[in-house]
$ cat entry-v4.cif   # mmCIF, N, CA and C atoms
data_coords
#
loop_
_atom_site.label_atom_id
_atom_site.label_comp_id
_atom_site.auth_asym_id
_atom_site.auth_seq_id
_atom_site.Cartn_x
_atom_site.Cartn_y
_atom_site.Cartn_z
N MET A 263 14.74 6.73 -64.05
CA MET A 263 15.42 7.33 -62.94
C MET A 263 15.55 8.84 -63.12
N LYS A 264 15.88 9.27 -64.35
CA LYS A 264 15.99 10.70 -64.61
C LYS A 264 14.66 11.41 -64.40
N ILE A 265 13.59 10.75 -64.81
CA ILE A 265 12.27 11.35 -64.65
C ILE A 265 11.95 11.51 -63.17
N LEU A 266 12.25 10.50 -62.37
CA LEU A 266 12.00 10.56 -60.94
C LEU A 266 12.83 11.66 -60.28
N SER A 267 14.08 11.79 -60.67
CA SER A 267 14.93 12.87 -60.13
C SER A 267 14.39 14.24 -60.51
N GLY A 268 13.96 14.36 -61.76
CA GLY A 268 13.40 15.62 -62.22
C GLY A 268 12.13 15.98 -61.46
N LEU A 269 11.28 14.98 -61.21
CA LEU A 269 10.05 15.22 -60.46
C LEU A 269 10.36 15.65 -59.03
N LEU A 270 11.32 15.02 -58.40
CA LEU A 270 11.70 15.39 -57.04
C LEU A 270 12.22 16.82 -56.97
N ILE A 271 13.03 17.19 -57.93
CA ILE A 271 13.56 18.56 -57.98
C ILE A 271 12.42 19.56 -58.19
N MET A 272 11.50 19.23 -59.09
CA MET A 272 10.36 20.11 -59.34
C MET A 272 9.49 20.26 -58.09
N MET A 273 9.26 19.15 -57.37
CA MET A 273 8.45 19.22 -56.15
C MET A 273 9.15 20.08 -55.09
N PHE A 274 10.45 19.91 -54.95
CA PHE A 274 11.22 20.68 -53.98
C PHE A 274 11.15 22.18 -54.31
N LEU A 275 11.37 22.52 -55.57
CA LEU A 275 11.29 23.93 -55.98
C LEU A 275 9.90 24.50 -55.78
N SER A 276 8.88 23.72 -56.06
CA SER A 276 7.50 24.17 -55.86
C SER A 276 7.23 24.45 -54.39
N MET A 277 7.68 23.57 -53.51
CA MET A 277 7.50 23.79 -52.07
C MET A 277 8.25 25.02 -51.61
N LEU A 278 9.43 25.22 -52.12
CA LEU A 278 10.25 26.37 -51.75
C LEU A 278 9.57 27.67 -52.18
N ILE A 279 9.08 27.70 -53.40
CA ILE A 279 8.39 28.90 -53.91
C ILE A 279 7.13 29.16 -53.10
N ASN A 280 6.35 28.13 -52.84
CA ASN A 280 5.11 28.30 -52.07
C ASN A 280 5.39 28.79 -50.66
N SER A 281 6.45 28.31 -50.03
CA SER A 281 6.76 28.76 -48.66
C SER A 281 7.20 30.22 -48.66
N ASN A 282 7.90 30.66 -49.70
CA ASN A 282 8.29 32.07 -49.80
C ASN A 282 7.08 32.97 -50.02
N VAL A 283 6.15 32.54 -50.85
CA VAL A 283 4.94 33.31 -51.09
C VAL A 283 4.14 33.42 -49.80
N TYR A 284 4.02 32.30 -49.06
CA TYR A 284 3.29 32.31 -47.79
C TYR A 284 3.96 33.26 -46.80
N ALA A 285 5.26 33.23 -46.72
CA ALA A 285 5.99 34.10 -45.79
C ALA A 285 5.79 35.57 -46.14
N GLN A 286 5.80 35.90 -47.44
CA GLN A 286 5.59 37.27 -47.86
C GLN A 286 4.17 37.73 -47.56
N GLN A 287 3.19 36.84 -47.75
CA GLN A 287 1.81 37.21 -47.49
C GLN A 287 1.57 37.46 -46.01
N ASN A 288 2.28 36.76 -45.16
CA ASN A 288 2.06 36.86 -43.72
C ASN A 288 3.08 37.74 -43.02
N SER A 289 3.96 38.37 -43.75
CA SER A 289 4.99 39.18 -43.11
C SER A 289 4.40 40.40 -42.43
N THR A 290 3.31 40.96 -42.94
CA THR A 290 2.71 42.12 -42.30
C THR A 290 2.09 41.77 -40.97
N SER A 291 1.63 40.52 -40.80
CA SER A 291 1.00 40.16 -39.54
C SER A 291 2.03 40.04 -38.43
N THR A 292 3.25 39.70 -38.74
CA THR A 292 4.26 39.60 -37.69
C THR A 292 4.97 40.93 -37.49
N HIS A 293 5.00 41.77 -38.50
CA HIS A 293 5.65 43.08 -38.42
C HIS A 293 4.71 44.13 -39.01
N PRO A 294 3.79 44.62 -38.20
CA PRO A 294 2.86 45.62 -38.75
C PRO A 294 3.58 46.89 -39.18
N LYS A 295 3.01 47.57 -40.16
CA LYS A 295 3.55 48.85 -40.60
C LYS A 295 3.32 49.92 -39.54
N LEU A 296 2.24 49.75 -38.76
CA LEU A 296 1.90 50.75 -37.76
C LEU A 296 1.23 50.07 -36.57
N LYS A 297 1.78 50.32 -35.38
CA LYS A 297 1.15 49.88 -34.14
C LYS A 297 0.56 51.09 -33.45
N ILE A 298 -0.64 50.95 -32.98
CA ILE A 298 -1.29 52.01 -32.22
C ILE A 298 -1.44 51.46 -30.81
N LEU A 299 -0.75 52.09 -29.88
CA LEU A 299 -0.73 51.62 -28.50
C LEU A 299 -1.41 52.63 -27.61
N TYR A 300 -2.37 52.15 -26.83
CA TYR A 300 -3.05 53.02 -25.87
C TYR A 300 -2.75 52.50 -24.47
N PHE A 301 -2.18 53.36 -23.66
CA PHE A 301 -1.84 53.05 -22.28
C PHE A 301 -2.82 53.78 -21.37
N HIS A 302 -3.35 53.08 -20.38
CA HIS A 302 -4.33 53.68 -19.46
C HIS A 302 -4.17 53.08 -18.07
N ALA A 303 -4.73 53.76 -17.09
CA ALA A 303 -4.73 53.26 -15.72
C ALA A 303 -5.97 52.39 -15.50
N THR A 304 -6.01 51.74 -14.36
CA THR A 304 -7.17 50.92 -14.01
C THR A 304 -8.41 51.81 -13.88
N MET A 305 -8.27 52.88 -13.16
CA MET A 305 -9.37 53.84 -13.00
C MET A 305 -9.28 54.85 -14.15
N ARG A 306 -10.33 54.90 -14.97
CA ARG A 306 -10.31 55.78 -16.13
C ARG A 306 -11.43 56.79 -16.09
N CYS A 307 -11.09 57.99 -16.55
CA CYS A 307 -12.08 59.06 -16.66
C CYS A 307 -12.84 58.89 -17.98
N PRO A 308 -13.92 59.63 -18.18
CA PRO A 308 -14.66 59.54 -19.45
C PRO A 308 -13.79 59.85 -20.67
N THR A 309 -12.85 60.78 -20.54
CA THR A 309 -11.99 61.11 -21.68
C THR A 309 -11.09 59.93 -22.02
N CYS A 310 -10.53 59.28 -21.01
CA CYS A 310 -9.67 58.11 -21.25
C CYS A 310 -10.44 57.00 -21.97
N ASN A 311 -11.67 56.79 -21.56
CA ASN A 311 -12.50 55.78 -22.23
C ASN A 311 -12.82 56.20 -23.66
N ALA A 312 -13.08 57.49 -23.87
CA ALA A 312 -13.40 57.99 -25.20
C ALA A 312 -12.22 57.86 -26.16
N ILE A 313 -11.01 58.06 -25.65
CA ILE A 313 -9.81 57.93 -26.50
C ILE A 313 -9.76 56.52 -27.09
N GLU A 314 -9.89 55.52 -26.24
CA GLU A 314 -9.82 54.14 -26.73
C GLU A 314 -11.04 53.78 -27.57
N ASP A 315 -12.24 54.08 -27.08
CA ASP A 315 -13.45 53.70 -27.80
C ASP A 315 -13.50 54.31 -29.20
N ASN A 316 -13.20 55.59 -29.30
CA ASN A 316 -13.26 56.27 -30.60
C ASN A 316 -12.14 55.82 -31.53
N ALA A 317 -10.98 55.50 -30.98
CA ALA A 317 -9.89 54.96 -31.82
C ALA A 317 -10.30 53.61 -32.39
N ARG A 318 -10.88 52.76 -31.56
CA ARG A 318 -11.33 51.45 -32.04
C ARG A 318 -12.41 51.60 -33.12
N LYS A 319 -13.36 52.50 -32.91
CA LYS A 319 -14.43 52.74 -33.90
C LYS A 319 -13.84 53.20 -35.23
N LEU A 320 -12.91 54.14 -35.15
CA LEU A 320 -12.27 54.64 -36.37
C LEU A 320 -11.55 53.52 -37.11
N LEU A 321 -10.78 52.75 -36.38
CA LEU A 321 -10.02 51.66 -37.01
C LEU A 321 -10.95 50.64 -37.64
N ASP A 322 -12.02 50.31 -36.95
CA ASP A 322 -12.97 49.34 -37.48
C ASP A 322 -13.67 49.88 -38.72
N LYS A 323 -14.00 51.17 -38.70
CA LYS A 323 -14.73 51.80 -39.81
C LYS A 323 -13.84 52.07 -41.02
N SER A 324 -12.63 52.57 -40.78
CA SER A 324 -11.81 53.07 -41.88
C SER A 324 -10.59 52.21 -42.24
N PHE A 325 -10.20 51.31 -41.35
CA PHE A 325 -8.98 50.54 -41.58
C PHE A 325 -9.17 49.05 -41.30
N ARG A 326 -10.41 48.55 -41.43
CA ARG A 326 -10.71 47.15 -41.09
C ARG A 326 -9.81 46.18 -41.85
N SER A 327 -9.65 46.36 -43.15
CA SER A 327 -8.85 45.41 -43.94
C SER A 327 -7.38 45.44 -43.52
N ARG A 328 -6.89 46.60 -43.15
CA ARG A 328 -5.48 46.72 -42.72
C ARG A 328 -5.28 46.14 -41.32
N LEU A 329 -6.31 46.16 -40.50
CA LEU A 329 -6.25 45.46 -39.21
C LEU A 329 -6.25 43.95 -39.45
N ASP A 330 -7.15 43.51 -40.33
CA ASP A 330 -7.29 42.09 -40.60
C ASP A 330 -6.03 41.47 -41.21
N ASN A 331 -5.34 42.23 -42.07
CA ASN A 331 -4.14 41.66 -42.69
C ASN A 331 -2.87 41.91 -41.87
N GLY A 332 -3.01 42.58 -40.72
CA GLY A 332 -1.87 42.78 -39.83
C GLY A 332 -1.02 44.00 -40.14
N GLU A 333 -1.43 44.79 -41.11
CA GLU A 333 -0.68 45.99 -41.46
C GLU A 333 -0.74 47.02 -40.33
N ILE A 334 -1.90 47.07 -39.65
CA ILE A 334 -2.09 47.92 -38.48
C ILE A 334 -2.44 47.02 -37.30
N LYS A 335 -1.89 47.38 -36.16
CA LYS A 335 -2.19 46.63 -34.94
C LYS A 335 -2.55 47.63 -33.84
N PHE A 336 -3.68 47.41 -33.17
CA PHE A 336 -4.08 48.25 -32.05
C PHE A 336 -4.02 47.42 -30.78
N GLU A 337 -3.39 47.99 -29.77
CA GLU A 337 -3.29 47.30 -28.49
C GLU A 337 -3.52 48.30 -27.37
N SER A 338 -4.22 47.84 -26.33
CA SER A 338 -4.50 48.65 -25.16
C SER A 338 -3.84 47.99 -23.95
N TYR A 339 -3.14 48.79 -23.15
CA TYR A 339 -2.41 48.27 -22.00
C TYR A 339 -2.76 49.03 -20.73
N ASN A 340 -2.99 48.30 -19.67
CA ASN A 340 -3.21 48.89 -18.36
C ASN A 340 -1.85 49.10 -17.71
N VAL A 341 -1.49 50.35 -17.44
CA VAL A 341 -0.16 50.65 -16.88
C VAL A 341 -0.01 50.16 -15.45
N ASP A 342 -1.12 49.85 -14.79
CA ASP A 342 -1.07 49.37 -13.41
C ASP A 342 -0.80 47.87 -13.29
N GLU A 343 -0.88 47.16 -14.40
CA GLU A 343 -0.65 45.72 -14.38
C GLU A 343 0.83 45.41 -14.52
N THR A 344 1.35 44.56 -13.66
CA THR A 344 2.78 44.23 -13.67
C THR A 344 3.18 43.54 -14.98
N ALA A 345 2.26 42.86 -15.62
CA ALA A 345 2.57 42.20 -16.89
C ALA A 345 2.96 43.20 -17.98
N ASN A 346 2.56 44.45 -17.82
CA ASN A 346 2.84 45.49 -18.83
C ASN A 346 4.01 46.38 -18.45
N LYS A 347 4.67 46.09 -17.34
CA LYS A 347 5.74 46.95 -16.83
C LYS A 347 6.87 47.17 -17.84
N ALA A 348 7.31 46.14 -18.51
CA ALA A 348 8.41 46.28 -19.47
C ALA A 348 8.05 47.24 -20.60
N LEU A 349 6.84 47.13 -21.09
CA LEU A 349 6.40 48.01 -22.18
C LEU A 349 6.22 49.45 -21.68
N VAL A 350 5.68 49.59 -20.49
CA VAL A 350 5.51 50.91 -19.88
C VAL A 350 6.87 51.57 -19.70
N ASP A 351 7.85 50.79 -19.23
CA ASP A 351 9.21 51.31 -19.06
C ASP A 351 9.86 51.64 -20.41
N LYS A 352 9.66 50.77 -21.39
CA LYS A 352 10.25 50.99 -22.72
C LYS A 352 9.83 52.33 -23.31
N TYR A 353 8.53 52.64 -23.19
CA TYR A 353 8.02 53.88 -23.78
C TYR A 353 7.91 55.03 -22.76
N GLN A 354 8.40 54.79 -21.56
CA GLN A 354 8.43 55.80 -20.50
C GLN A 354 7.05 56.41 -20.27
N ILE A 355 6.09 55.54 -20.02
CA ILE A 355 4.70 55.94 -19.81
C ILE A 355 4.46 56.23 -18.34
N SER A 356 3.81 57.35 -18.05
CA SER A 356 3.48 57.66 -16.66
C SER A 356 2.00 57.97 -16.48
N PHE A 357 1.25 58.12 -17.56
CA PHE A 357 -0.20 58.35 -17.50
C PHE A 357 -0.80 57.92 -18.83
N SER A 358 -2.08 58.10 -19.00
CA SER A 358 -2.74 57.70 -20.24
C SER A 358 -2.01 58.30 -21.44
N THR A 359 -1.71 57.44 -22.40
CA THR A 359 -0.91 57.84 -23.55
C THR A 359 -1.38 57.10 -24.79
N LEU A 360 -1.44 57.80 -25.91
CA LEU A 360 -1.76 57.19 -27.20
C LEU A 360 -0.56 57.38 -28.12
N LEU A 361 0.05 56.27 -28.52
CA LEU A 361 1.23 56.30 -29.37
C LEU A 361 0.96 55.60 -30.69
N LEU A 362 1.56 56.10 -31.74
CA LEU A 362 1.62 55.42 -33.03
C LEU A 362 3.08 55.05 -33.23
N ILE A 363 3.36 53.78 -33.45
CA ILE A 363 4.73 53.30 -33.63
C ILE A 363 4.85 52.76 -35.04
N LYS A 364 5.69 53.41 -35.84
CA LYS A 364 5.91 52.97 -37.20
C LYS A 364 6.78 51.71 -37.21
N GLY A 365 6.77 51.01 -38.31
CA GLY A 365 7.54 49.78 -38.45
C GLY A 365 9.02 49.97 -38.21
N ASP A 366 9.54 51.17 -38.47
CA ASP A 366 10.97 51.43 -38.25
C ASP A 366 11.26 51.85 -36.81
N GLY A 367 10.21 51.87 -35.96
CA GLY A 367 10.40 52.23 -34.56
C GLY A 367 10.12 53.69 -34.23
N THR A 368 9.87 54.51 -35.24
CA THR A 368 9.56 55.91 -35.00
C THR A 368 8.29 56.02 -34.17
N LYS A 369 8.33 56.84 -33.13
CA LYS A 369 7.21 56.99 -32.20
C LYS A 369 6.54 58.34 -32.41
N ILE A 370 5.22 58.34 -32.59
CA ILE A 370 4.43 59.55 -32.71
C ILE A 370 3.50 59.59 -31.50
N ASP A 371 3.63 60.63 -30.69
CA ASP A 371 2.79 60.77 -29.50
C ASP A 371 1.55 61.58 -29.87
N PHE A 372 0.40 60.94 -29.83
CA PHE A 372 -0.86 61.56 -30.21
C PHE A 372 -1.71 61.91 -28.98
N THR A 373 -1.10 61.84 -27.80
CA THR A 373 -1.84 61.98 -26.54
C THR A 373 -2.53 63.33 -26.40
N SER A 374 -1.84 64.42 -26.66
CA SER A 374 -2.44 65.74 -26.41
C SER A 374 -3.67 65.96 -27.29
N LYS A 375 -3.61 65.58 -28.55
CA LYS A 375 -4.77 65.73 -29.43
C LYS A 375 -5.90 64.79 -29.00
N ALA A 376 -5.53 63.61 -28.54
CA ALA A 376 -6.54 62.66 -28.07
C ALA A 376 -7.30 63.24 -26.88
N PHE A 377 -6.57 63.77 -25.90
CA PHE A 377 -7.22 64.35 -24.73
C PHE A 377 -8.01 65.61 -25.08
N GLN A 378 -7.52 66.35 -26.05
CA GLN A 378 -8.19 67.59 -26.43
C GLN A 378 -9.55 67.34 -27.09
N TYR A 379 -9.65 66.27 -27.90
CA TYR A 379 -10.84 66.11 -28.74
C TYR A 379 -11.67 64.84 -28.52
N ALA A 380 -11.12 63.79 -27.98
CA ALA A 380 -11.82 62.50 -27.97
C ALA A 380 -13.19 62.55 -27.33
N LEU A 381 -13.33 63.30 -26.26
CA LEU A 381 -14.62 63.36 -25.57
C LEU A 381 -15.49 64.51 -26.07
N VAL A 382 -14.92 65.68 -26.22
CA VAL A 382 -15.72 66.87 -26.54
C VAL A 382 -16.01 67.04 -28.02
N ASN A 383 -15.15 66.47 -28.89
CA ASN A 383 -15.36 66.58 -30.33
C ASN A 383 -14.84 65.30 -31.00
N PRO A 384 -15.55 64.19 -30.80
CA PRO A 384 -15.07 62.91 -31.32
C PRO A 384 -14.87 62.89 -32.84
N ALA A 385 -15.67 63.64 -33.57
CA ALA A 385 -15.51 63.67 -35.03
C ALA A 385 -14.16 64.28 -35.41
N LYS A 386 -13.78 65.34 -34.73
CA LYS A 386 -12.48 65.96 -35.01
C LYS A 386 -11.35 65.03 -34.59
N TYR A 387 -11.49 64.38 -33.43
CA TYR A 387 -10.50 63.40 -32.97
C TYR A 387 -10.30 62.31 -34.01
N GLU A 388 -11.40 61.75 -34.48
CA GLU A 388 -11.31 60.69 -35.48
C GLU A 388 -10.67 61.19 -36.77
N ALA A 389 -11.02 62.39 -37.21
CA ALA A 389 -10.45 62.94 -38.44
C ALA A 389 -8.94 63.14 -38.30
N LEU A 390 -8.53 63.70 -37.17
CA LEU A 390 -7.09 63.94 -36.95
C LEU A 390 -6.33 62.62 -36.84
N LEU A 391 -6.90 61.66 -36.12
CA LEU A 391 -6.25 60.37 -35.97
C LEU A 391 -6.18 59.63 -37.31
N LYS A 392 -7.24 59.71 -38.08
CA LYS A 392 -7.27 59.07 -39.40
C LYS A 392 -6.18 59.65 -40.30
N GLU A 393 -6.05 60.97 -40.28
CA GLU A 393 -5.02 61.64 -41.08
C GLU A 393 -3.62 61.21 -40.63
N GLU A 394 -3.41 61.12 -39.33
CA GLU A 394 -2.10 60.72 -38.80
C GLU A 394 -1.79 59.27 -39.16
N ILE A 395 -2.78 58.41 -39.09
CA ILE A 395 -2.58 57.00 -39.45
C ILE A 395 -2.21 56.90 -40.92
N LYS A 396 -2.97 57.55 -41.79
CA LYS A 396 -2.69 57.50 -43.23
C LYS A 396 -1.28 58.01 -43.52
N LYS A 397 -0.93 59.13 -42.91
CA LYS A 397 0.40 59.72 -43.13
C LYS A 397 1.51 58.75 -42.73
N ASN A 398 1.31 58.00 -41.68
CA ASN A 398 2.36 57.12 -41.17
C ASN A 398 2.32 55.71 -41.74
N LEU A 399 1.38 55.43 -42.60
CA LEU A 399 1.36 54.15 -43.31
C LEU A 399 2.12 54.23 -44.62
N GLU A 400 2.44 55.42 -45.08
CA GLU A 400 3.12 55.60 -46.38
C GLU A 400 4.55 55.13 -46.32
#

$ encode --input "entry-v4.cif" --output "structure tokens"
Amino acid sequence: MKILSGLLIMMFLSMLINSNVYAQQNSTSTHPKLKILYFHATMRCPTCNAIEDNARKLLDKSFRSRLDNGEIKFESYNVDETANKALVDKYQISFSTLLLIKGDGTKIDFTSKAFQYALVNPAKYEALLKEEIKKNLE
């Protein structure tokens, strides 16, 4: 009987430890360290398309593992869709906007640099965005 009780306690503790390890491994996927949110209208200019396209390319090239493990999350929202109204209102969006949101809720507006460089100098846009992402992941 003592052996059976000991085995049951050991199994319970093992399950408890394993569930905590699993929760820690997956905590970044539910709470990313950095969210990159791109807001756009239905009708987009070439610059608006370049902002999103080049951001996605950069993330895929330089931050693929952090995207895969949930540490970084990229999302694109159409401001004209009613399904996105709450988020548009939350961040007070009125036109195309690129935001970096840290895990603590700090908001970094990267829109002006995105519009300045995404189309005419994509390499500079990617370099600046990469630097900003790295800085805000620390």

$ atom_distance --input "entry-v4.cif" --atom1 "atom CA of A:Thr309" --atom2 "atom CA of A:Ile334"
23.5 Å

$ closest_residue --input "entry-v4.cif" --among "A:Gly365, A:Phe301, A:Phe336, A:Arg306" --to "A:Arg318" --atoms "all atoms listed in the file"
A:Phe336

$ atom_distance --input "entry-v4.cif" --atom1 "atom CA of A:Lys297" --atom2 "atom CA of A:Ile363"
5.0 Å

$ resolve_selection --input "entry-v4.cif" --expression "the PyMOL selection byres (((chain A and resi 357 and name CA) around 10) and name CA)" --output "list in words"
Phe301, His302, Ala303, Asn340, Val341, Asp342, Val350, Gln354, Ile355, Ser356, Ser358, Thr359, Leu360 and Thr373 of chain A

$ atom_distance --input "entry-v4.cif" --atom1 "atom C of A:Leu399" --atom2 "atom C of A:Tyr353"
22.6 Å

$ closest_residue --input "entry-v4.cif" --among "A:Ala348, A:Leu391, A:Ala312, A:Val382" --to "A:Ile298" --atoms "only C-alpha atoms"
A:Leu391

$ closest_residue --input "entry-v4.cif" --among "A:Asp322, A:Glu394, A:Glu343, A:Glu337" --to "A:Thr304" --atoms "only N, CA and C atoms"
A:Glu343

$ closest_residue --input "entry-v4.cif" --among "A:Ile370, A:Leu361, A:Leu320, A:Ala345" --to "A:Pro384" --atoms "only C-alpha atoms"
A:Leu320

$ axis_aligned_box --input "entry-v4.cif" --around "stretch 299-317 of chain A" --padding-each-side "5 Å" --output "JSON"
{"center_x": -7.7, "center_y": 56.0, "center_z": -22.7, "size_x": 23.9, "size_y": 20.2, "size_z": 29.4}

$ closest_residue --input "entry-v4.cif" --among "A:Thr344, A:Arg328, A:Lys335, A:Ile313" --to "A:Gln378" --atoms "only C-alpha atoms"
A:Ile313

$ closest_residue --input "entry-v4.cif" --among "A:Lys364, A:Lys375, A:Lys396, A:Lys386" --to "A:Lys295" --atoms "all atoms listed in the file"
A:Lys364

$ residues_around --input "entry-v4.cif" --residues "A:Leu381" --least-positions-apart "4" --cutoff "8 Å" --atoms "all atoms listed in the file" --output "MDAnalysis selection string"
chainID A and resid 308:313 376:377 385 387
